[in-house]
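Here's entry_1.txt, which has compact mmCIF, C-alpha atoms and all ligand atoms:
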```txt
# COMPACT_ATOMS: atom_id res chain seq x y z
CA MET A 1 -89.22 -81.46 25.46
CA SER A 2 -90.86 -78.39 23.86
CA ASP A 3 -88.87 -75.13 23.60
CA ALA A 4 -91.04 -73.58 26.28
CA LYS A 5 -90.35 -76.37 28.75
CA ILE A 6 -87.64 -75.80 31.36
CA ASP A 7 -85.30 -78.68 32.14
CA LEU A 8 -85.76 -78.92 35.88
CA HIS A 9 -83.31 -81.74 36.33
CA THR A 10 -80.24 -79.89 35.21
CA ALA A 11 -77.73 -79.96 38.05
CA SER A 12 -80.00 -82.10 40.21
CA LEU A 13 -78.53 -83.86 43.23
CA ASP A 14 -80.97 -86.74 43.12
CA ALA A 15 -84.49 -87.53 42.02
CA ALA A 16 -86.22 -85.26 44.53
CA HIS A 17 -83.80 -82.44 45.27
CA LEU A 18 -81.96 -79.77 43.39
CA ASP A 19 -78.68 -78.34 44.63
CA GLU A 20 -78.30 -74.57 45.00
CA ASN A 21 -77.04 -74.31 41.42
CA GLY A 22 -80.07 -76.21 40.15
CA LEU A 23 -82.42 -74.09 42.24
CA GLU A 24 -80.84 -70.90 40.92
CA GLN A 25 -81.36 -72.14 37.36
CA VAL A 26 -85.02 -72.73 38.13
CA ARG A 27 -85.36 -69.30 39.74
CA ALA A 28 -83.64 -67.66 36.76
CA SER A 29 -86.04 -69.43 34.38
CA VAL A 30 -89.02 -68.23 36.43
CA ARG A 31 -87.66 -64.67 36.42
CA ALA A 32 -87.16 -64.81 32.65
CA LEU A 33 -90.74 -66.01 32.19
CA CYS A 34 -92.18 -63.36 34.53
CA VAL A 35 -90.42 -60.54 32.67
CA ARG A 36 -92.86 -61.25 29.85
CA PHE A 37 -95.69 -60.28 32.23
CA PRO A 38 -94.80 -56.81 33.51
CA GLY A 39 -96.70 -54.50 35.85
CA GLU A 40 -98.92 -53.24 33.03
CA TYR A 41 -100.20 -56.79 32.41
CA TRP A 42 -101.10 -57.31 36.09
CA ARG A 43 -102.63 -53.83 36.35
CA ARG A 44 -104.91 -54.60 33.42
CA MET A 45 -105.89 -57.95 34.89
CA ASP A 46 -106.57 -56.25 38.23
CA ARG A 47 -108.57 -53.36 36.75
CA GLU A 48 -110.76 -55.73 34.76
CA ARG A 49 -110.76 -58.52 37.37
CA THR A 50 -109.60 -60.88 34.66
CA TYR A 51 -108.01 -64.30 35.07
CA PRO A 52 -104.38 -64.19 33.86
CA THR A 53 -104.88 -66.96 31.29
CA GLU A 54 -101.69 -66.18 29.33
CA PHE A 55 -99.52 -66.26 32.44
CA VAL A 56 -101.04 -69.55 33.61
CA ALA A 57 -100.51 -71.02 30.12
CA ALA A 58 -96.86 -69.91 30.06
CA MET A 59 -96.16 -71.44 33.49
CA THR A 60 -97.93 -74.65 32.43
CA GLU A 61 -95.99 -74.91 29.15
CA ALA A 62 -92.73 -74.36 31.02
CA GLY A 63 -93.56 -77.48 33.06
CA LEU A 64 -93.45 -75.49 36.30
CA LEU A 65 -96.83 -76.61 37.61
CA GLY A 66 -96.07 -80.34 37.44
CA VAL A 67 -92.97 -80.26 39.62
CA LEU A 68 -94.55 -82.16 42.53
CA VAL A 69 -96.13 -84.89 40.40
CA PRO A 70 -93.93 -88.03 40.45
CA GLU A 71 -92.02 -88.82 37.28
CA ALA A 72 -93.98 -92.07 36.92
CA TYR A 73 -97.04 -89.91 36.21
CA GLY A 74 -95.29 -87.50 33.87
CA GLY A 75 -94.27 -84.82 36.38
CA SER A 76 -90.80 -83.75 37.52
CA GLY A 77 -90.94 -85.67 40.81
CA LEU A 78 -89.29 -82.84 42.71
CA GLY A 79 -89.70 -81.79 46.32
CA LEU A 80 -91.68 -79.02 47.95
CA SER A 81 -88.65 -76.72 48.24
CA VAL A 82 -88.46 -76.52 44.43
CA ALA A 83 -92.13 -75.57 44.25
CA ALA A 84 -91.54 -73.02 47.02
CA ASN A 85 -88.65 -71.48 45.09
CA ILE A 86 -90.81 -71.20 41.97
CA LEU A 87 -93.69 -69.48 43.80
CA GLU A 88 -91.37 -67.20 45.78
CA GLU A 89 -89.76 -66.04 42.56
CA VAL A 90 -93.11 -65.44 40.85
CA HIS A 91 -94.11 -63.13 43.70
CA ALA A 92 -90.70 -61.46 43.95
CA SER A 93 -91.08 -60.50 40.29
CA GLY A 94 -94.28 -58.56 41.06
CA ALA A 95 -96.60 -61.24 39.67
CA ASN A 96 -99.14 -63.28 41.60
CA ALA A 97 -99.39 -67.07 41.66
CA ALA A 98 -102.90 -67.34 43.09
CA ALA A 99 -104.30 -68.16 39.66
CA LEU A 100 -102.14 -71.26 39.33
CA HIS A 101 -100.56 -72.48 42.57
CA ALA A 102 -103.36 -74.96 43.32
CA GLN A 103 -102.46 -76.89 40.14
CA MET A 104 -99.19 -77.72 41.86
CA TYR A 105 -100.42 -79.12 45.15
CA THR A 106 -104.16 -79.96 45.11
CA MET A 107 -103.30 -83.20 43.33
CA GLY A 108 -101.51 -84.31 46.54
CA THR A 109 -104.83 -85.63 47.88
CA VAL A 110 -105.21 -87.87 44.82
CA LEU A 111 -101.54 -88.87 44.92
CA ARG A 112 -101.56 -89.84 48.60
CA HIS A 113 -105.06 -91.27 48.96
CA GLY A 114 -106.44 -92.02 45.49
CA SER A 115 -106.74 -95.49 43.98
CA ALA A 116 -104.24 -96.75 41.39
CA ALA A 117 -106.90 -96.24 38.71
CA GLN A 118 -107.60 -92.64 39.81
CA LYS A 119 -103.91 -91.80 39.81
CA GLN A 120 -103.40 -93.34 36.39
CA GLN A 121 -106.45 -91.58 35.00
CA TRP A 122 -105.74 -88.08 36.32
CA LEU A 123 -102.15 -87.43 37.37
CA PRO A 124 -100.47 -87.53 33.93
CA LYS A 125 -103.04 -85.07 32.57
CA ILE A 126 -102.69 -82.85 35.65
CA ALA A 127 -98.89 -82.91 35.24
CA SER A 128 -99.14 -81.79 31.61
CA GLY A 129 -101.85 -79.22 32.35
CA GLU A 130 -104.31 -80.91 29.99
CA ILE A 131 -106.58 -81.29 33.02
CA ARG A 132 -106.85 -78.45 35.52
CA LEU A 133 -107.24 -79.43 39.16
CA GLN A 134 -107.32 -75.97 40.66
CA ALA A 135 -110.46 -76.01 42.84
CA PHE A 136 -110.57 -77.05 46.47
CA GLY A 137 -114.06 -76.96 48.02
CA VAL A 138 -113.85 -77.02 51.80
CA THR A 139 -115.03 -73.70 53.30
CA GLU A 140 -118.77 -73.19 53.80
CA PRO A 141 -120.59 -69.98 54.72
CA THR A 142 -121.99 -71.16 58.04
CA ALA A 143 -119.16 -73.45 59.23
CA GLY A 144 -116.25 -71.05 58.62
CA THR A 145 -113.00 -72.37 60.05
CA ASP A 146 -114.90 -75.02 62.00
CA THR A 147 -114.54 -77.50 59.13
CA THR A 148 -116.15 -80.46 60.86
CA SER A 149 -119.41 -78.44 60.98
CA ILE A 150 -119.79 -78.37 57.20
CA THR A 151 -123.21 -79.49 56.04
CA THR A 152 -122.74 -80.18 52.33
CA SER A 153 -123.86 -83.80 52.09
CA ALA A 154 -123.04 -86.71 49.81
CA VAL A 155 -125.58 -89.53 49.97
CA ARG A 156 -124.83 -92.86 48.29
CA LYS A 157 -127.62 -94.08 45.99
CA GLY A 158 -126.62 -97.18 44.03
CA ASP A 159 -123.66 -96.28 41.83
CA VAL A 160 -123.86 -92.53 42.42
CA TYR A 161 -123.46 -90.05 45.26
CA VAL A 162 -126.04 -87.24 45.42
CA ILE A 163 -124.50 -83.94 46.54
CA ASN A 164 -126.45 -81.09 48.16
CA GLY A 165 -125.15 -77.96 49.83
CA GLN A 166 -123.00 -74.90 49.29
CA LYS A 167 -119.35 -73.89 49.37
CA VAL A 168 -117.91 -70.39 49.55
CA TRP A 169 -114.51 -69.01 48.56
CA THR A 170 -113.95 -71.89 46.15
CA SER A 171 -111.17 -70.24 44.21
CA ARG A 172 -110.57 -70.87 40.50
CA ALA A 173 -113.73 -73.03 40.16
CA GLU A 174 -114.44 -71.32 36.84
CA HIS A 175 -110.93 -72.13 35.62
CA SER A 176 -110.71 -75.73 36.71
CA ASP A 177 -111.90 -79.05 35.30
CA LEU A 178 -111.85 -80.92 38.60
CA MET A 179 -112.56 -80.05 42.21
CA VAL A 180 -111.42 -81.77 45.38
CA LEU A 181 -114.61 -81.62 47.41
CA LEU A 182 -115.13 -82.27 51.12
CA ALA A 183 -118.66 -83.37 52.05
CA ARG A 184 -120.42 -85.16 54.88
CA THR A 185 -121.34 -88.76 54.15
CA THR A 186 -122.57 -89.22 57.73
CA PRO A 187 -124.22 -86.36 59.64
CA LYS A 188 -122.21 -84.90 62.50
CA ASP A 189 -124.74 -86.01 65.14
CA GLN A 190 -124.41 -89.65 64.02
CA VAL A 191 -120.62 -90.02 64.37
CA ALA A 192 -118.61 -90.80 67.51
CA ARG A 193 -116.01 -88.13 66.69
CA LYS A 194 -116.84 -85.00 64.73
CA THR A 195 -113.84 -85.56 62.45
CA GLU A 196 -115.42 -88.80 61.20
CA GLY A 197 -118.09 -89.05 58.51
CA LEU A 198 -116.43 -86.56 56.16
CA SER A 199 -115.41 -87.77 52.70
CA VAL A 200 -113.36 -86.41 49.83
CA PHE A 201 -114.47 -86.57 46.20
CA LEU A 202 -112.76 -85.76 42.95
CA LEU A 203 -115.56 -83.97 41.18
CA ASP A 204 -115.52 -83.59 37.39
CA MET A 205 -116.99 -80.11 37.04
CA ARG A 206 -117.14 -80.32 33.24
CA GLN A 207 -119.92 -82.86 33.55
CA ALA A 208 -121.53 -81.35 36.62
CA ARG A 209 -122.10 -77.74 35.51
CA GLY A 210 -125.71 -77.28 34.53
CA HIS A 211 -126.67 -80.63 36.08
CA GLY A 212 -126.85 -79.56 39.71
CA LEU A 213 -123.63 -77.55 39.98
CA THR A 214 -123.79 -73.75 39.82
CA ILE A 215 -120.77 -71.46 40.20
CA LYS A 216 -121.13 -67.76 41.05
CA PRO A 217 -118.10 -65.45 41.10
CA ILE A 218 -117.41 -63.26 44.16
CA ARG A 219 -115.83 -59.88 43.46
CA THR A 220 -113.14 -59.17 46.06
CA MET A 221 -110.76 -56.31 46.95
CA PHE A 222 -108.13 -57.77 44.65
CA ASN A 223 -108.07 -59.82 41.47
CA HIS A 224 -108.79 -63.32 42.75
CA ALA A 225 -110.97 -65.72 40.78
CA THR A 226 -112.97 -66.92 43.74
CA THR A 227 -116.56 -68.18 43.78
CA GLU A 228 -119.57 -69.56 45.58
CA VAL A 229 -120.54 -73.05 44.52
CA PHE A 230 -124.03 -74.54 44.86
CA PHE A 231 -124.89 -78.25 44.71
CA ASP A 232 -128.50 -79.11 44.03
CA ASN A 233 -129.06 -82.87 43.79
CA LEU A 234 -125.85 -83.22 41.81
CA GLU A 235 -125.22 -86.88 40.95
CA ILE A 236 -121.61 -87.97 40.65
CA PRO A 237 -120.24 -91.47 39.97
CA ALA A 238 -119.55 -93.43 43.16
CA ASP A 239 -115.96 -93.95 42.02
CA SER A 240 -115.34 -90.20 42.47
CA LEU A 241 -114.75 -91.01 46.14
CA ILE A 242 -111.09 -90.69 47.14
CA GLY A 243 -109.87 -93.26 49.64
CA GLU A 244 -112.27 -94.52 52.28
CA ALA A 245 -115.66 -92.94 52.99
CA GLY A 246 -115.70 -91.13 56.31
CA LYS A 247 -111.93 -90.57 56.49
CA GLY A 248 -111.79 -87.40 54.39
CA PHE A 249 -110.96 -84.95 57.18
CA ARG A 250 -107.58 -86.58 57.68
CA TYR A 251 -106.91 -86.62 53.92
CA ILE A 252 -107.60 -82.89 53.71
CA LEU A 253 -105.39 -82.10 56.70
CA ASP A 254 -102.53 -84.03 55.08
CA GLY A 255 -102.37 -81.54 52.23
CA MET A 256 -102.60 -78.41 54.34
CA ASN A 257 -99.02 -78.30 55.56
CA ALA A 258 -97.76 -78.31 51.98
CA GLU A 259 -100.16 -75.52 51.10
CA ARG A 260 -99.07 -73.42 54.10
CA ILE A 261 -95.39 -73.78 53.20
CA LEU A 262 -96.02 -72.76 49.60
CA ILE A 263 -98.15 -69.77 50.60
CA ALA A 264 -95.39 -68.74 53.01
CA ALA A 265 -92.97 -68.82 50.06
CA GLU A 266 -95.29 -66.50 48.13
CA CYS A 267 -95.29 -64.11 51.11
CA ILE A 268 -91.47 -64.16 51.12
CA GLY A 269 -91.54 -63.24 47.43
CA ASP A 270 -93.94 -60.39 48.11
CA ALA A 271 -91.79 -59.14 51.01
CA ARG A 272 -88.72 -59.15 48.75
CA TRP A 273 -90.56 -57.22 46.04
CA PHE A 274 -91.83 -54.58 48.50
CA THR A 275 -88.41 -54.22 50.14
CA ASP A 276 -86.54 -53.87 46.84
CA LYS A 277 -89.05 -51.29 45.68
CA ALA A 278 -88.84 -49.34 48.98
CA VAL A 279 -85.03 -49.35 48.97
CA ALA A 280 -84.83 -48.11 45.37
CA TYR A 281 -87.29 -45.32 46.06
CA ALA A 282 -85.70 -44.32 49.39
CA LYS A 283 -82.34 -43.96 47.62
CA GLY A 284 -83.67 -41.95 44.71
CA ARG A 285 -86.33 -39.70 46.19
CA GLU A 286 -84.90 -36.42 47.48
CA VAL A 287 -86.84 -34.21 49.88
CA PHE A 288 -85.25 -31.45 51.99
CA GLY A 289 -82.17 -31.76 49.79
CA ARG A 290 -81.27 -35.37 50.62
CA PRO A 291 -82.48 -38.89 49.87
CA ILE A 292 -85.38 -39.83 52.15
CA GLY A 293 -83.57 -43.13 52.93
CA GLN A 294 -80.94 -41.09 54.79
CA ASN A 295 -83.56 -40.50 57.48
CA GLN A 296 -83.58 -43.36 59.95
CA GLY A 297 -87.34 -42.92 60.28
CA VAL A 298 -87.53 -44.14 56.67
CA ALA A 299 -84.60 -46.58 56.63
CA PHE A 300 -85.26 -48.49 59.86
CA PRO A 301 -88.75 -49.77 59.01
CA ILE A 302 -87.34 -51.08 55.72
CA ALA A 303 -84.44 -52.75 57.52
CA ARG A 304 -86.85 -54.24 60.07
CA ALA A 305 -89.16 -55.60 57.35
CA TYR A 306 -86.11 -57.09 55.63
CA ALA A 307 -85.05 -58.83 58.86
CA GLN A 308 -88.57 -60.19 59.34
CA MET A 309 -88.51 -61.56 55.78
CA LYS A 310 -85.12 -63.24 56.30
CA ALA A 311 -86.29 -64.97 59.50
CA ALA A 312 -89.55 -66.08 57.89
CA LYS A 313 -87.62 -67.39 54.90
CA LEU A 314 -85.41 -69.56 57.09
CA MET A 315 -88.49 -71.03 58.76
CA THR A 316 -90.24 -71.59 55.41
CA TYR A 317 -87.39 -73.55 53.84
CA GLU A 318 -86.78 -75.47 57.08
CA ALA A 319 -90.46 -76.46 56.99
CA ALA A 320 -90.06 -77.52 53.34
CA ARG A 321 -86.98 -79.57 54.21
CA LEU A 322 -88.77 -81.39 57.04
CA TYR A 323 -91.83 -81.96 54.86
CA GLU A 324 -89.68 -83.46 52.09
CA ALA A 325 -87.99 -85.69 54.66
CA GLY A 326 -91.41 -86.98 55.69
CA GLN A 327 -91.07 -85.51 59.17
CA GLY A 328 -94.51 -83.95 59.48
CA ALA A 329 -93.58 -80.26 59.73
CA GLY A 330 -96.92 -79.22 61.29
CA GLU A 331 -95.28 -76.81 63.73
CA GLU A 332 -92.86 -75.41 61.16
CA ALA A 333 -95.41 -75.10 58.33
CA ASN A 334 -97.80 -73.20 60.56
CA THR A 335 -95.04 -71.02 62.03
CA ALA A 336 -93.70 -70.27 58.55
CA LYS A 337 -97.12 -69.21 57.30
CA LEU A 338 -97.64 -67.01 60.39
CA LEU A 339 -94.24 -65.29 60.18
CA ALA A 340 -94.19 -64.95 56.40
CA SER A 341 -97.68 -63.44 56.19
CA GLU A 342 -96.69 -60.90 58.84
CA ALA A 343 -93.37 -60.19 57.11
CA SER A 344 -95.05 -59.55 53.75
CA TRP A 345 -97.58 -57.26 55.41
CA ALA A 346 -94.85 -55.34 57.27
CA ALA A 347 -92.95 -54.92 54.00
CA ALA A 348 -96.11 -53.85 52.16
CA ASP A 349 -97.01 -51.23 54.75
CA THR A 350 -93.45 -49.93 54.87
CA CYS A 351 -93.17 -49.78 51.08
CA LEU A 352 -96.39 -47.82 50.81
CA GLN A 353 -95.33 -45.42 53.57
CA THR A 354 -91.90 -44.95 51.96
CA HIS A 355 -93.55 -43.91 48.70
CA GLY A 356 -95.74 -41.30 50.36
CA GLY A 357 -98.53 -40.23 48.03
CA PHE A 358 -97.09 -42.11 45.06
CA GLY A 359 -97.68 -45.40 46.90
CA PHE A 360 -101.36 -44.90 46.20
CA ALA A 361 -100.92 -44.40 42.45
CA GLU A 362 -101.92 -47.45 40.40
CA GLU A 363 -98.90 -47.25 38.08
CA TYR A 364 -96.46 -48.03 40.91
CA ASP A 365 -98.10 -51.45 41.48
CA ILE A 366 -97.70 -51.02 45.24
CA GLU A 367 -101.37 -50.51 46.05
CA ARG A 368 -102.21 -53.63 44.02
CA LYS A 369 -99.62 -55.82 45.72
CA PHE A 370 -100.65 -54.25 49.08
CA ARG A 371 -104.23 -55.46 48.55
CA GLU A 372 -103.04 -58.86 47.34
CA THR A 373 -100.68 -59.64 50.20
CA ARG A 374 -103.21 -58.79 52.91
CA LEU A 375 -105.03 -62.03 52.14
CA TYR A 376 -102.42 -64.30 53.68
CA GLN A 377 -103.24 -63.39 57.26
CA VAL A 378 -106.76 -64.74 56.61
CA ALA A 379 -106.39 -67.53 54.04
CA PRO A 380 -105.75 -70.37 53.64
CA ILE A 381 -105.87 -70.21 57.43
CA SER A 382 -106.18 -67.19 59.67
CA THR A 383 -103.48 -66.08 62.08
CA ASN A 384 -105.57 -66.81 65.18
CA LEU A 385 -106.12 -70.40 64.15
CA ILE A 386 -102.37 -70.88 63.69
CA LEU A 387 -101.79 -69.41 67.14
CA ALA A 388 -104.46 -71.76 68.50
CA TYR A 389 -102.64 -74.69 66.86
CA LEU A 390 -99.27 -73.68 68.32
CA SER A 391 -100.81 -73.04 71.75
CA GLU A 392 -102.49 -76.41 71.93
CA HIS A 393 -100.38 -78.82 69.88
CA VAL A 394 -96.90 -77.41 70.44
CA LEU A 395 -97.08 -75.70 73.82
CA GLY A 396 -99.62 -78.03 75.41
CA LEU A 397 -101.95 -75.24 76.52
CA PRO A 398 -105.65 -76.08 76.98
CA ARG A 399 -107.70 -76.29 73.78
CA SER A 400 -109.48 -72.97 73.25
CA TYR A 401 -112.38 -74.11 71.06
C1 LIG B 501 -109.75 -64.82 48.59
C2 LIG B 501 -110.03 -66.07 49.33
C3 LIG B 501 -109.77 -67.30 48.73
C4 LIG B 501 -110.07 -68.48 49.38
N1 LIG B 501 -109.93 -69.69 48.73
C5 LIG B 501 -110.42 -70.81 49.30
C6 LIG B 501 -110.47 -72.04 48.56
O1 LIG B 501 -110.04 -72.13 47.40
N2 LIG B 501 -111.06 -73.13 49.14
C7 LIG B 501 -111.58 -73.08 50.41
O2 LIG B 501 -112.09 -74.09 50.88
N3 LIG B 501 -111.52 -71.94 51.15
C8 LIG B 501 -110.97 -70.81 50.60
N4 LIG B 501 -110.94 -69.63 51.33
C9 LIG B 501 -111.50 -69.62 52.68
C10 LIG B 501 -110.44 -69.36 53.75
O3 LIG B 501 -109.71 -70.54 53.96
C11 LIG B 501 -111.18 -68.87 54.98
O4 LIG B 501 -111.72 -67.58 54.68
C12 LIG B 501 -110.28 -68.78 56.16
O5 LIG B 501 -109.85 -70.05 56.55
C13 LIG B 501 -110.99 -68.11 57.34
O6 LIG B 501 -112.25 -68.71 57.54
P1 LIG B 501 -113.59 -67.86 57.58
O7 LIG B 501 -113.54 -66.84 56.50
O8 LIG B 501 -114.73 -68.78 57.57
O9 LIG B 501 -113.49 -67.10 58.96
P2 LIG B 501 -114.18 -67.51 60.34
O10 LIG B 501 -113.91 -68.92 60.67
O11 LIG B 501 -115.61 -67.05 60.28
O12 LIG B 501 -113.37 -66.58 61.32
C14 LIG B 501 -113.50 -65.15 61.33
C15 LIG B 501 -112.41 -64.55 62.23
O13 LIG B 501 -112.56 -65.06 63.55
C16 LIG B 501 -111.37 -65.67 63.99
N5 LIG B 501 -111.69 -66.89 64.76
C17 LIG B 501 -112.61 -67.85 64.48
N6 LIG B 501 -112.61 -68.79 65.41
C18 LIG B 501 -111.67 -68.45 66.33
C19 LIG B 501 -111.18 -69.02 67.52
N7 LIG B 501 -111.66 -70.20 67.98
N8 LIG B 501 -110.20 -68.38 68.20
C20 LIG B 501 -109.72 -67.19 67.77
N9 LIG B 501 -110.13 -66.60 66.63
C21 LIG B 501 -111.09 -67.21 65.92
C22 LIG B 501 -110.60 -66.05 62.73
O14 LIG B 501 -109.21 -66.07 62.97
C23 LIG B 501 -111.01 -64.93 61.77
O15 LIG B 501 -110.13 -63.84 61.91
C24 LIG B 501 -110.60 -68.43 50.70
C25 LIG B 501 -110.80 -67.20 51.33
C26 LIG B 501 -110.54 -66.03 50.65
C27 LIG B 501 -110.83 -64.71 51.34
```

Written as structure tokens, that's how I'd like the structure from this file.
Ligand SMILES: Cc1cc2nc3c(=O)[nH]c(=O)nc-3n(C[C@H](O)[C@H](O)[C@H](O)COP(=O)(O)OP(=O)(O)OC[C@H]3O[C@@H](n4cnc5c(N)ncnc54)[C@H](O)[C@@H]3O)c2cc1C
Amino acid sequence: MSDAKIDLHTASLDAAHLDENGLEQVRASVRALCVRFPGEYWRRMDRERTYPTEFVAAMTEAGLLGVLVPEAYGGSGLGLSVAANILEEVHASGANAAALHAQMYTMGTVLRHGSAAQKQQWLPKIASGEIRLQAFGVTEPTAGTDTTSITTSAVRKGDVYVINGQKVWTSRAEHSDLMVLLARTTPKDQVARKTEGLSVFLLDMRQARGHGLTIKPIRTMFNHATTEVFFDNLEIPADSLIGEAGKGFRYILDGMNAERILIAAECIGDARWFTDKAVAYAKGREVFGRPIGQNQGVAFPIARAYAQMKAAKLMTYEAARLYEAGQGAGEEANTAKLLASEASWAAADTCLQTHGGFGFAEEYDIERKFRETRLYQVAPISTNLILAYLSEHVLGLPRSY
């Protein structure tokens, strides 16, 4: 083990879980790492819209991005709650995990549905960080959330598939070697059910760029390395297909609960950061001869945001527990993402309001985190679509779309 690598199995209960002591050791290690990347680092990245390469490298070297990869493939073989703790702590430190979190979980599609040869070829290198699997190409400009309406096509021709179409919001495509790509192998009007005829590919972007694959960055309201991706008669080896052709929609759905739980954990981290910052300022800032936090109009919104965070945190780790136990967790993962994204936003708004004018000053980091945490009510799934899921699949109300 290199000096930079953290021993994640210290104080472990069993192969997949860490006890509270083990989790606290992991969190402390993450905090110690994040201290090396203070507000000034993130402000510079934000100002210049630069990818935080050094931070991603440090997290990779520490072995923190391979926690979900089974030990047989060189990872730590730990459960989702460990990954959630890591990402929560990154965000609670004032950092942002968007540049690296996909390296943790995108490999789940390969792990669950890939062939033995694909797993052997890719997972050890993904676990070590030698290969970056950070790009996930699902969303398209015209289909939006209606994923089965995507039109990017993959047509089999001998020993290759020919890809044509376009993706949007494909994050980290410029900082990834591989992409998990969802494409139609059978047009929607030729399948019995619209969820059929979609297939998943593991695309090697190193070979594809300049040969039919073009990536164009999108500048957004915060520092997020997201892109548009164009496929123009891109030929990829037929063995890039993951699992069975036509079954890709189910494979993609499988990974989404994990992603929602981990994003919820990031929201919890953000909410903690905003609340800590608001409390410290409300105690120290004196106006009218007393600390502003003595006014209930200032204190109560902070207390309310804290309560929202605590409730969302319980739901998030309950969802992680159920997911690790193989009990689905669709309802809990969606509920956790809904509550946590609202809790982080409530904390962000309250923190900014508590700081008055200074909340708008770049050097306080609040305006940056405020912009960053707004995303989670839209991506990776928007609040309305979660409510639609709960309405239909949990409450049994009529399908709305
Ligand atoms: C910064 C960023 C990074 C992203 N990264 C990725 C990525 O790496 N890979 C990827 O594939 N995608 C990515 N996305 C896409 C993201 O998952 C989608 O933006 C998100 O799911 C919402 O889809 P949409 O933008 O197409 O909105 P639309 O589907 O166009 O919806 C627009 C609005 O209408 C509402 N709406 C739509 N239909 C209904 C309905 N039936 N009932 C009620 N309300 C409805 C939605 O809730 C939303 O508020 C990213 C997006 C952003 C902004």

Using only C-alpha atoms, determine which residues lie at most 8 Å from range 363-366 of chain A, disregarding the query and same-chain residues fewer than 3 positions distant; provide the list as a PyMOL selection string. chain A and resi 39-40+43+274+348+351-352+358-360+369-370

Record the distance separating CA of Arg260 in chain A and CA of Arg371 in chain A, expressed in Å with one decimal.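 Rounded to one decimal, the two atoms are 19.5 Å apart.
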
Any idea what's packed within 12 Å of range 230-233 of chain A, counting only C-alpha atoms, ignoring anything in its chain fewer than 2 positions away? Could you give it as a count of residues only? 40

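Each of A:Leu338, A:Leu80, A:Ala245, A:Leu198 was checked against Arg321 in chain A using all atoms listed in the file; the smallest atom-to-atom distance is that of A:Leu80.
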
Restricting the calculation to all atoms listed in the file: of A:Gly197, A:Gly22, A:Pro70, A:Gly94, which residue gets closest to Arg36 in chain A?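 Distance minimum relative to Arg36 in chain A lands on A:Gly94.
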
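Put simply, CA of Gly243 in chain A is 14.3 Å away from CA of Arg184 in chain A.
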
Near-Leu78 in chain A list (9 Å; all atoms listed in the file; drop same-chain fewer than 2 positions) as a compact mmCIF listing (two decimals) with C-alpha atoms, in the frame of the given file:
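The result, written out as part-v3.txt:
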```txt
# COMPACT_ATOMS: atom_id res chain seq x y z
CA LEU A 8 -85.76 -78.92 35.88
CA HIS A 9 -83.31 -81.74 36.33
CA ALA A 15 -84.49 -87.53 42.02
CA ALA A 16 -86.22 -85.26 44.53
CA HIS A 17 -83.80 -82.44 45.27
CA LEU A 18 -81.96 -79.77 43.39
CA GLY A 66 -96.07 -80.34 37.44
CA VAL A 67 -92.97 -80.26 39.62
CA LEU A 68 -94.55 -82.16 42.53
CA VAL A 69 -96.13 -84.89 40.40
CA PRO A 70 -93.93 -88.03 40.45
CA GLU A 71 -92.02 -88.82 37.28
CA GLY A 75 -94.27 -84.82 36.38
CA SER A 76 -90.80 -83.75 37.52
CA LEU A 80 -91.68 -79.02 47.95
CA SER A 81 -88.65 -76.72 48.24
CA VAL A 82 -88.46 -76.52 44.43
CA ALA A 83 -92.13 -75.57 44.25
```

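For the pair CA of Leu390 in chain A and CA of Glu266 in chain A, the separation is 21.8 Å.
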
Quick one: residues within 10 Å of Ala329 in chain A, only C-alpha atoms counted, chain neighbours fewer than 4 positions away excluded, as number ranges by chain? A: 257-258, 261, 318-325, 333-335

Name all residues at most 8 Å from Leu33 in chain A (count only C-alpha atoms; drop same-chain ones fewer than 4 positions away) and give them as a PyMOL selection string. chain A and resi 29+37+58-59

Would you mind telling me which residue in A:Asp239, A:Glu367, A:Glu259, A:Asp7 lies nearest to His355 in chain A when using only C-alpha atoms? A:Glu367
